[in-house]
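Participant: Input: one structure, supplied below.
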Amino acid sequence: MPPTQPRDPLAGHLGHLTVPEQHALDKFKKQLQEEGSFVADKHDDATLLRFLRARKFDLPKTKLMWDNCETWRKEQGVDELLHFDFPEGPEVMKYYPQYYHKTDKDGRPVYIEQLGKLDIEALYKVTTQDRLLKRLISQYEQFLHERLPATSKVVGHPVETSCTILDLGGVSLLQFYKVKDYVNQASAIGQNYYPECMGKFYIINAPWGFASVWSLIKPWLDEVTVAKIEVLGGSYKDKLLQQIPKENLPKEFGGECQCSGPGGCQMSNAGPWNVPTSASTASAPAPSEQQPLAPPS
């Protein structure tokens, strides 16, 4: 039996489409144009392909997903949430740290979430679940329309996904239970309306027993998604530094970055997308210095 050919890590992306995939893209775009819903500056090929890949290029399923997303966007007024006013941000960060910080070696924006530091009672004294979800939508919109274009310009090639660090240090089942409603809604927003945005996903400080839970979950996920996720215990530093430059990784995770200013790395919003600070912020390596591209989504 001949050896199995490795899957193209950029399969389903522009420049890496099979003939049937290109036909599906052309037909999908034509369908949107004919019904009068196509907006050229919003519905570029990269956006259409995210939805097509999410439904494995099944056009009827893709169209249903797209229509549901467009309906949701109108109902939620998403176009008005790009710069959602969230003055309670610094207080929220104390009780549920979630933030973007610089880029990995492939130019992906690094997103960090510290679920183990969640204090749900204190959190809901300074904000509400509805406002947290609006802030989440705003972050997704900024990710697509500001962070990705800025990082793509710096590294010299299209960047379409993020590199996520989910820190479970100190997390308890009680915390999971208390935040499950928010997590469920947040997950649904990501999966249904912002598909194919995950590039790398590191779960660090995974508590005892999490590996068993993960082994039960993995069979339900497709191989492409599983390949993006790595579950690590407390010895995660070397693995993170293989993907993220030490000058870009916050010191608390084994890197060397210690952003100055109130709130340090958490509140710095450091990265190529932040023009006032990007000049003094270490960016991803130049394309010639980078490691080979990993699967971007």
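For the structure tokens, the naming scheme is as follows: chains receive sequential letters (A, B, ...) according to their order of presentation, residues are indexed from 1 within each chain, and ligands are indexed from 1 in presentation order.
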When you look at region 107-111 of chain A with a cut-off of 7 Å (counting only C-alpha atoms), what residues show up, excluding the ones that are within fewer than 6 positions of it in the same chain? I need them as a PyMOL selection string.
Facilitator: chain A and resi 99-101+147+151+155+159+161-165+284
Participant: Let me make sure I understand: among A:Ile204, A:Asp238, A:Glu230, A:Val78, which one has the smallest atom-to-atom distance to Ile189 (chain A) if we use only C-alpha atoms?
Facilitator: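 Closest to Ile189 (chain A), using only C-alpha atoms: A:Val78.
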Participant: Running DSSP on the backbone, which parts of region 85-196 of chain A land in alpha helix (DSSP H), as a PyMOL selection string?
Facilitator: chain A and resi 89-95+120-126+129-142+148-155+173-193
Participant: For His145 (chain A), which residue out of A:Arg53, A:Lys42, A:His13, A:Lys125 is the nearest one, using only C-alpha atoms?
Facilitator: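 Result for the nearest residue to His145 (chain A): A:Lys42.
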Participant: For CA of Met267 (chain A) and CA of Met93 (chain A), quote the distance in Å rounded to one decimal.
Facilitator: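 Separating CA of Met267 (chain A) from CA of Met93 (chain A) is a distance of 8.1 Å.
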Participant: Pick from A:Leu48, A:Leu123, A:Val231, A:Leu144: nearest to Leu82 (chain A), with only C-alpha atoms counted?
Facilitator: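 The shortest atom-to-atom distance to Leu82 (chain A) comes from A:Leu144.
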Participant: Extract, using only C-alpha atoms, all DNA, RNA and protein residues at most 10 Å from Leu132 (chain A), discarding same-chain residues fewer than 2 positions from it, and format them as a list in words.
Facilitator: Phe86, Gly89, Val92, Leu123, Tyr124, Thr127, Thr128, Gln129, Asp130, Lys134, Arg135, Leu136, Ile137, Ser138, Tyr182 and Ala186 of chain A
Participant: Set the distance at 10 Å and use only C-alpha atoms: which residues neighbour Gln242 (chain A) once local chain neighbours fewer than 4 positions away are removed? I'd like the list as an NGL selection string.
Facilitator: :A and (104-105 or 237-238 or 246 or 291)
Participant: Using only C-alpha atoms for the distances, tell me which of A:Phe210, A:Phe28, A:Tyr96, A:Tyr194 is nearest to Ala54 (chain A).
Facilitator: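 Closest candidate: A:Tyr194.
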Participant: Produce a table with one row for each residue of region 128-210 of chain A that has an atom at most 12 Å from any atom of region 65-71 of chain A, each row naming the nearest atom pair and its distance in Å at one decimal; use only C-alpha atoms; arrange rows by chain and rising residue number; format as a Markdown table.
Facilitator:
| residue | atom | partner | partner_atom | distance |
| --- | --- | --- | --- | --- |
| A:Ala188 | CA | A:Cys69 | CA | 11.4 |
| A:Ile189 | CA | A:Cys69 | CA | 9.4 |
| A:Gly190 | CA | A:Cys69 | CA | 10.9 |
| A:Gln191 | CA | A:Met65 | CA | 10.3 |
| A:Asn192 | CA | A:Cys69 | CA | 7.0 |
| A:Tyr193 | CA | A:Cys69 | CA | 5.3 |
| A:Tyr194 | CA | A:Cys69 | CA | 8.7 |
| A:Pro195 | CA | A:Met65 | CA | 9.9 |
